[in-house]
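A.B. asks: Sending over data.txt (compact mmCIF, C-alpha atoms and all ligand atoms).
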# COMPACT_ATOMS: atom_id res chain seq x y z
CA LEU A 1 5.72 -26.52 -3.07
CA ALA A 2 3.25 -24.65 -0.88
CA ASP A 3 -0.24 -25.97 -0.22
CA GLY A 4 -3.43 -23.97 -0.16
CA PRO A 5 -5.81 -22.16 -2.49
CA LEU A 6 -3.12 -19.66 -3.54
CA ALA A 7 -0.39 -22.24 -4.25
CA GLY A 8 1.38 -21.32 -7.49
CA LYS A 9 0.11 -17.72 -7.37
CA ARG A 10 2.56 -14.84 -7.14
CA ILE A 11 1.31 -11.74 -5.30
CA VAL A 12 3.07 -8.42 -4.81
CA VAL A 13 2.13 -6.48 -1.64
CA THR A 14 3.30 -2.95 -0.82
CA SER A 15 3.24 -1.82 2.79
CA GLY A 16 4.46 0.79 5.26
CA PRO A 17 5.21 4.46 4.71
CA THR A 18 7.72 5.97 2.32
CA HIS A 19 10.41 8.35 3.52
CA GLU A 20 11.34 11.20 1.23
CA PRO A 21 14.71 12.76 2.10
CA ILE A 22 15.16 16.48 2.80
CA ASP A 23 18.88 16.04 3.42
CA PRO A 24 20.96 13.03 4.58
CA VAL A 25 19.48 13.14 8.10
CA ARG A 26 15.92 14.43 7.62
CA TYR A 27 12.88 13.20 5.76
CA ILE A 28 9.17 13.69 5.13
CA ALA A 29 6.99 10.66 5.77
CA ASN A 30 3.44 9.40 5.84
CA ARG A 31 2.09 8.02 9.09
CA SER A 32 1.84 4.24 8.72
CA SER A 33 2.71 1.33 10.98
CA GLY A 34 2.55 -1.21 8.15
CA ALA A 35 0.31 -3.39 10.34
CA GLN A 36 -2.48 -4.05 7.82
CA GLY A 37 -0.13 -4.66 4.88
CA THR A 38 2.00 -6.99 6.97
CA ALA A 39 -1.03 -8.94 8.18
CA LEU A 40 -2.25 -9.27 4.61
CA ALA A 41 1.10 -10.53 3.31
CA ARG A 42 1.14 -13.08 6.15
CA ALA A 43 -2.40 -14.23 5.35
CA LEU A 44 -1.67 -14.57 1.61
CA ALA A 45 1.48 -16.60 2.34
CA GLY A 46 -0.60 -18.71 4.73
CA LEU A 47 -2.89 -19.62 1.82
CA GLY A 48 0.14 -20.76 -0.16
CA ALA A 49 0.92 -17.67 -2.28
CA GLU A 50 4.45 -16.71 -3.24
CA VAL A 51 4.45 -13.18 -1.77
CA VAL A 52 6.86 -10.39 -2.70
CA PHE A 53 6.56 -7.87 0.14
CA VAL A 54 7.80 -4.41 -0.83
CA THR A 55 7.93 -2.31 2.31
CA GLY A 56 8.98 1.15 3.37
CA PRO A 57 10.34 1.74 6.89
CA ALA A 58 7.45 0.26 8.90
CA THR A 59 7.18 -0.04 12.67
CA VAL A 60 6.04 -3.69 12.66
CA PRO A 61 8.46 -6.40 11.47
CA PRO A 62 7.81 -8.10 8.11
CA PRO A 63 6.12 -11.53 8.14
CA GLU A 64 7.90 -14.86 7.81
CA GLY A 65 7.72 -16.85 4.61
CA VAL A 66 7.68 -13.96 2.14
CA THR A 67 10.35 -12.31 -0.01
CA VAL A 68 11.03 -8.93 1.60
CA ILE A 69 12.25 -5.96 -0.45
CA LEU A 70 13.13 -2.98 1.74
CA VAL A 71 12.75 0.46 0.17
CA GLU A 72 12.71 4.00 1.43
CA THR A 73 11.23 6.33 -1.19
CA ALA A 74 8.22 6.15 -3.52
CA GLN A 75 10.48 6.03 -6.55
CA GLN A 76 12.33 3.04 -5.08
CA MET A 77 9.00 1.38 -4.25
CA LEU A 78 7.79 1.76 -7.84
CA ALA A 79 11.04 0.30 -9.21
CA ALA A 80 10.85 -2.64 -6.77
CA VAL A 81 7.23 -3.35 -7.71
CA GLN A 82 7.99 -3.21 -11.43
CA GLY A 83 10.96 -5.53 -10.86
CA ALA A 84 8.70 -7.98 -8.99
CA LEU A 85 6.20 -8.26 -11.86
CA PRO A 86 4.74 -10.28 -13.52
CA ALA A 87 2.37 -11.37 -10.78
CA ASP A 88 -1.15 -12.79 -10.53
CA ALA A 89 -2.26 -10.08 -8.13
CA ALA A 90 -0.88 -6.87 -6.63
CA VAL A 91 -2.12 -5.29 -3.43
CA PHE A 92 -1.08 -1.73 -2.57
CA ALA A 93 -1.34 -1.19 1.17
CA ALA A 94 1.56 1.26 1.41
CA ALA A 95 1.04 4.85 2.57
CA VAL A 96 3.07 6.46 -0.18
CA ALA A 97 4.14 10.10 0.12
CA ASP A 98 2.42 12.03 -2.65
CA TRP A 99 5.35 14.43 -2.97
CA ARG A 100 9.11 14.19 -2.66
CA VAL A 101 11.49 17.05 -1.94
CA ALA A 102 12.78 18.25 -5.30
CA ASN A 103 15.62 20.29 -3.81
CA ALA A 104 16.90 17.73 -1.30
CA ALA A 105 20.40 18.64 -0.08
CA ASP A 106 23.45 16.36 -0.43
CA GLN A 107 24.84 17.57 2.90
CA LYS A 108 23.08 18.21 6.21
CA MET A 109 21.38 21.60 6.08
CA LYS A 110 22.67 24.05 8.69
CA LYS A 111 21.12 27.03 10.43
CA ASP A 112 22.91 30.10 9.10
CA GLY A 113 22.42 32.21 12.23
CA THR A 114 20.15 34.77 10.58
CA GLY A 115 16.91 33.04 11.50
CA ALA A 116 16.17 32.35 7.83
CA ALA A 117 14.41 29.01 7.20
CA PRO A 118 15.06 26.86 4.13
CA ALA A 119 12.35 26.63 1.48
CA LEU A 120 11.47 23.13 0.36
CA GLU A 121 10.32 22.52 -3.19
CA PHE A 122 8.17 19.51 -3.96
CA ALA A 123 7.73 17.24 -6.95
CA GLU A 124 4.87 14.80 -7.36
CA ASN A 125 5.72 11.15 -6.80
CA PRO A 126 4.58 8.43 -9.20
CA ASP A 127 1.28 6.80 -8.29
CA ILE A 128 2.38 3.17 -8.01
CA LEU A 129 -1.13 1.71 -7.82
CA ALA A 130 -2.38 3.70 -10.84
CA THR A 131 0.76 2.88 -12.82
CA VAL A 132 0.29 -0.88 -12.30
CA ALA A 133 -3.52 -0.79 -12.64
CA GLN A 134 -3.20 0.98 -15.99
CA MET A 135 -0.44 -1.23 -17.42
CA GLY A 136 -1.40 -2.78 -20.73
CA THR A 137 0.40 -6.07 -21.19
CA GLY A 138 1.65 -7.60 -17.98
CA ARG A 139 -1.03 -6.13 -15.73
CA PRO A 140 -1.75 -8.45 -12.80
CA ALA A 141 -5.20 -10.03 -13.14
CA LEU A 142 -6.27 -8.53 -9.82
CA VAL A 143 -5.10 -5.08 -8.68
CA VAL A 144 -6.22 -3.95 -5.23
CA GLY A 145 -5.76 -0.51 -3.69
CA PHE A 146 -6.45 0.90 -0.24
CA ALA A 147 -8.12 4.19 0.56
CA ALA A 148 -7.78 5.87 3.92
CA GLU A 149 -10.67 8.30 4.18
CA THR A 150 -12.14 10.48 6.90
CA GLU A 151 -15.64 11.07 5.45
CA ASN A 152 -18.04 9.73 2.76
CA ILE A 153 -15.94 6.56 2.72
CA ALA A 154 -17.83 4.57 0.07
CA ASP A 155 -18.33 7.52 -2.32
CA HIS A 156 -14.73 8.65 -2.18
CA ALA A 157 -13.45 5.09 -2.52
CA THR A 158 -15.73 4.33 -5.47
CA ALA A 159 -14.43 7.44 -7.25
CA LYS A 160 -10.87 6.43 -6.39
CA ARG A 161 -11.40 2.95 -7.85
CA ALA A 162 -12.48 4.47 -11.17
CA ARG A 163 -9.74 7.10 -11.18
CA LYS A 164 -6.92 4.65 -10.45
CA GLY A 165 -8.23 1.88 -12.69
CA CYS A 166 -7.87 -0.85 -10.08
CA ASP A 167 -10.26 -3.77 -9.53
CA TRP A 168 -10.92 -3.38 -5.81
CA ILE A 169 -10.48 -0.68 -3.21
CA VAL A 170 -10.29 -1.52 0.46
CA ALA A 171 -11.51 1.66 2.11
CA ASN A 172 -11.27 2.51 5.77
CA ASP A 173 -12.16 5.36 8.09
CA VAL A 174 -9.03 6.79 9.64
CA SER A 175 -10.71 9.71 11.43
CA PRO A 176 -9.05 10.56 14.70
CA GLY A 177 -11.12 8.84 17.35
CA THR A 178 -11.62 5.60 15.41
CA GLY A 179 -8.27 4.38 16.79
CA ILE A 180 -7.61 2.60 13.49
CA MET A 181 -4.35 4.32 12.55
CA GLY A 182 -1.67 2.45 14.46
CA GLY A 183 -4.34 0.39 16.24
CA ALA A 184 -5.13 -3.33 16.27
CA GLU A 185 -8.52 -3.16 14.55
CA ASN A 186 -9.89 -2.03 11.24
CA GLU A 187 -13.33 -1.44 9.78
CA VAL A 188 -13.30 -1.65 6.01
CA THR A 189 -15.61 -1.18 3.07
CA LEU A 190 -14.69 -3.31 0.06
CA ILE A 191 -15.44 -1.62 -3.27
CA THR A 192 -15.61 -3.90 -6.32
CA ALA A 193 -17.29 -3.70 -9.72
CA ASN A 194 -20.41 -4.96 -7.92
CA GLY A 195 -20.60 -2.12 -5.43
CA ALA A 196 -19.71 -1.47 -1.79
CA GLU A 197 -19.67 -4.01 1.03
CA THR A 198 -19.04 -2.88 4.59
CA TRP A 199 -17.42 -5.43 6.88
CA PRO A 200 -17.76 -5.40 10.64
CA ARG A 201 -15.01 -3.95 12.79
CA LEU A 202 -12.43 -6.73 13.08
CA GLY A 203 -8.85 -7.27 14.16
CA LYS A 204 -6.36 -6.40 11.41
CA ALA A 205 -5.40 -10.08 11.18
CA GLN A 206 -9.06 -11.03 10.64
CA VAL A 207 -9.49 -8.33 7.98
CA ALA A 208 -6.36 -9.75 6.33
CA ASP A 209 -7.68 -13.33 6.46
CA ARG A 210 -10.99 -12.30 4.96
CA LEU A 211 -9.35 -10.28 2.20
CA ALA A 212 -6.88 -13.08 1.43
CA ALA A 213 -9.80 -15.53 1.13
CA ARG A 214 -11.56 -13.16 -1.28
CA ILE A 215 -8.39 -12.83 -3.35
CA ALA A 216 -8.10 -16.64 -3.46
CA THR A 217 -11.70 -16.94 -4.65
CA ALA A 218 -11.21 -14.28 -7.31
CA LEU A 219 -7.96 -15.78 -8.65
CA GLY A 220 -9.53 -19.25 -8.51
CA GLN A 221 -12.31 -17.98 -10.76
CA GLY A 222 -9.64 -16.73 -13.17
CA VAL A 223 -10.38 -13.03 -12.60
O1 LIG A 301 -4.78 8.54 -3.74
P1 LIG A 301 -4.53 7.80 -2.46
O2 LIG A 301 -3.14 8.04 -1.91
O3 LIG A 301 -5.59 7.97 -1.42
O4 LIG A 301 -4.60 6.27 -2.87
C1 LIG A 301 -4.31 5.25 -1.96
C2 LIG A 301 -3.91 4.02 -2.72
O5 LIG A 301 -2.98 4.31 -3.75
C3 LIG A 301 -3.22 3.02 -1.81
O6 LIG A 301 -3.49 1.73 -2.32
C4 LIG A 301 -1.76 3.41 -1.98
O7 LIG A 301 -0.90 2.33 -1.66
C5 LIG A 301 -1.71 3.76 -3.45
N1 LIG A 301 -0.71 4.78 -3.80
C6 LIG A 301 0.40 4.43 -4.56
N2 LIG A 301 1.30 5.39 -4.95
C7 LIG A 301 1.13 6.67 -4.61
C8 LIG A 301 0.01 7.05 -3.83
C9 LIG A 301 -0.89 6.08 -3.44
O8 LIG A 301 0.57 3.23 -4.87
N3 LIG A 301 2.02 7.58 -4.99
Is it possible to give me this structure as structure tokens?
Ligand code: C5P
C.D. replies:
Amino acid sequence: LADGPLAGKRIVVTSGPTHEPIDPVRYIANRSSGAQGTALARALAGLGAEVVFVTGPATVPPPEGVTVILVETAQQMLAAVQGALPADAAVFAAAVADWRVANAADQKMKKDGTGAAPALEFAENPDILATVAQMGTGRPALVVGFAAETENIADHATAKRARKGCDWIVANDVSPGTGIMGGAENEVTLITANGAETWPRLGKAQVADRLAARIATALGQGV
């Protein structure tokens, strides 16, 4: 059995983007490397947790020592998360597409020569974080969401925490120019029931270590 402060704890982590098909060869996606989610899963496993890592098509490889579930769409991600429960904690680092294409084609769409363009129709995807945060029985003791913001980080993230019903929000500034999206560093504000705490700009691995340590403390206190 694993050693460490999270030994015996089961934690579900979502990561990466989702891809929502338009037809068999095309898709709509969110921009996400999966770097922060992957670093977090690695850090949690390093503290002894049994990690179920549910990931969309990310650009960084998944960590060692975790159970990897590969998914493509938001609907598949929700099903995989629900199948991975019960868990002590769930951390939602994935960049999930808010909408899927409702009229996705079974065959590759072709130009018809007239210059007419196809019209895509959208349907809202399930909010995986909100669904799990608002579960009655079987809700993980600690539910953590992420919030990528470009302005009023703490205010928007505090509102998001209340709206989604999660325990913590890890908010970050993804404005162009910060270099955070796809970069090696992150600067986060942690929103809990006690308010907002801004951490210094750190490497994504250091942010992950710090967050994993906080999760271990919280679960150790029987949150
Ligand atoms: O509302 P917004 O997309 O900004 O919320 C971000 C948080 O919600 C992240 O933790 C993300 O993983 C999660 N999320 C989700 N399912 C969605 C949309 C977002 O789990 N459909």
A.B. asks: Chain A near ligand LIG 301 (chain A) within 8 Å: what's each residue's closest atom pair and its distance in Å to one decimal, counting all atoms listed in the file, ordered by chain then ascending residue number, as CSV?
C.D. replies:
residue,atom,partner,partner_atom,distance
A:Thr14,CA,A:LIG301,O7,6.8
A:Ser15,CA,A:LIG301,O7,7.4
A:Ala74,CA,A:LIG301,N3,6.5
A:Leu78,CA,A:LIG301,O8,7.9
A:Val91,CA,A:LIG301,O6,7.2
A:Phe92,CA,A:LIG301,O7,4.2
A:Ala93,CA,A:LIG301,O7,4.5
A:Ala94,CA,A:LIG301,O7,4.1
A:Ala95,CA,A:LIG301,O7,5.3
A:Val96,CA,A:LIG301,C8,4.8
A:Ala97,CA,A:LIG301,N3,6.1
A:Asp98,CA,A:LIG301,N3,5.0
A:Trp99,CA,A:LIG301,N3,7.9
A:Asn125,CA,A:LIG301,N3,5.5
A:Pro126,CA,A:LIG301,N3,5.0
A:Asp127,CA,A:LIG301,N3,3.5
A:Ile128,CA,A:LIG301,O8,3.6
A:Leu129,CA,A:LIG301,O8,3.7
A:Ala130,CA,A:LIG301,O8,6.7
A:Thr131,CA,A:LIG301,O8,8.0
A:Val144,CA,A:LIG301,O6,6.9
A:Gly145,CA,A:LIG301,O6,3.5
A:Phe146,CA,A:LIG301,O6,3.7
A:Ala147,CA,A:LIG301,C1,4.7
A:Ala148,CA,A:LIG301,O3,6.1
A:Glu149,CA,A:LIG301,O3,7.6
A:Lys160,CA,A:LIG301,O1,7.0
A:Lys164,CA,A:LIG301,O5,7.8
A:Ile169,CA,A:LIG301,O6,7.4
A.B. asks: Please, what distance in Å, to one decimal, runs between CA of Gly165 (chain A) and CA of Val143 (chain A)?
C.D. replies: 8.6 Å
A.B. asks: Using only C-alpha atoms, can you tell me which of A:Ile153, A:Ala102, A:Ile11, A:Gly48 comes closest to Ile28 (chain A)?
C.D. replies: A:Ala102
A.B. asks: Of the candidates A:Gly220, A:Pro61, A:Gly195, A:Gly37, which one gets nearest to Ala141 (chain A) if we count all atoms listed in the file?
C.D. replies: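 Comparing A:Gly220, A:Pro61, A:Gly195, A:Gly37 against Ala141 (chain A), the winner is A:Gly220.
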A.B. asks: Excluding region 177-189 of chain A and its own-chain neighbours fewer than 4 positions away, which residues fall within 12 Å of it when counting all atoms listed in the file? Please give them as a ChimeraX atom specification.
C.D. replies: /A:16,30-37,39,58-60,95,145-150,152-158,168-173,195-208,210-211
A.B. asks: Just the number, please: distance in Å from CA of Pro5 (chain A) to CA of Thr38 (chain A), one decimal.
C.D. replies: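 Going from CA of Pro5 (chain A) over to CA of Thr38 (chain A) covers 19.5 Å.
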A.B. asks: Within 9 Å of Leu219 (chain A), counting all atoms listed in the file, which residues show up once you throw out same-chain ones fewer than 2 positions away? Write them as a list in words, please.
C.D. replies: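 The filter keeps Leu6, Lys9, Asp88, Ala89, Ala141, Leu142, Arg214, Ile215, Ala216, Thr217, Gln221, Gly222 and Val223 of chain A.
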A.B. asks: For CA of Arg100 (chain A) and CA of Glu72 (chain A), quote the distance in Å rounded to one decimal.
C.D. replies: 11.6 Å
A.B. asks: Of the residues A:Ala104, A:Arg10, A:Leu120, A:Val81, which is the one nearest to Val66 (chain A), using only C-alpha atoms?
C.D. replies: A:Arg10
A.B. asks: Measuring atom to atom with all atoms listed in the file, identify which of A:Gln134, A:Thr18, A:Asn103, A:Asn194 is nearest to Ala119 (chain A).
C.D. replies: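 Checking each of A:Gln134, A:Thr18, A:Asn103, A:Asn194 against Ala119 (chain A), counting all atoms listed in the file, the winner is A:Asn103.
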A.B. asks: Nearest to Asp106 (chain A) among A:Ile22, A:Ala159, A:Val71, A:Ala45, with distances taken over all atoms listed in the file: which residue is it?
C.D. replies: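 Of all the options, A:Ile22 lies closest to Asp106 (chain A).
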A.B. asks: Calculated over all atoms listed in the file, which of the candidates A:Ala116, A:Met77, A:Val52, A:Val12 has the smallest distance to Arg139 (chain A)?
C.D. replies: A:Val12
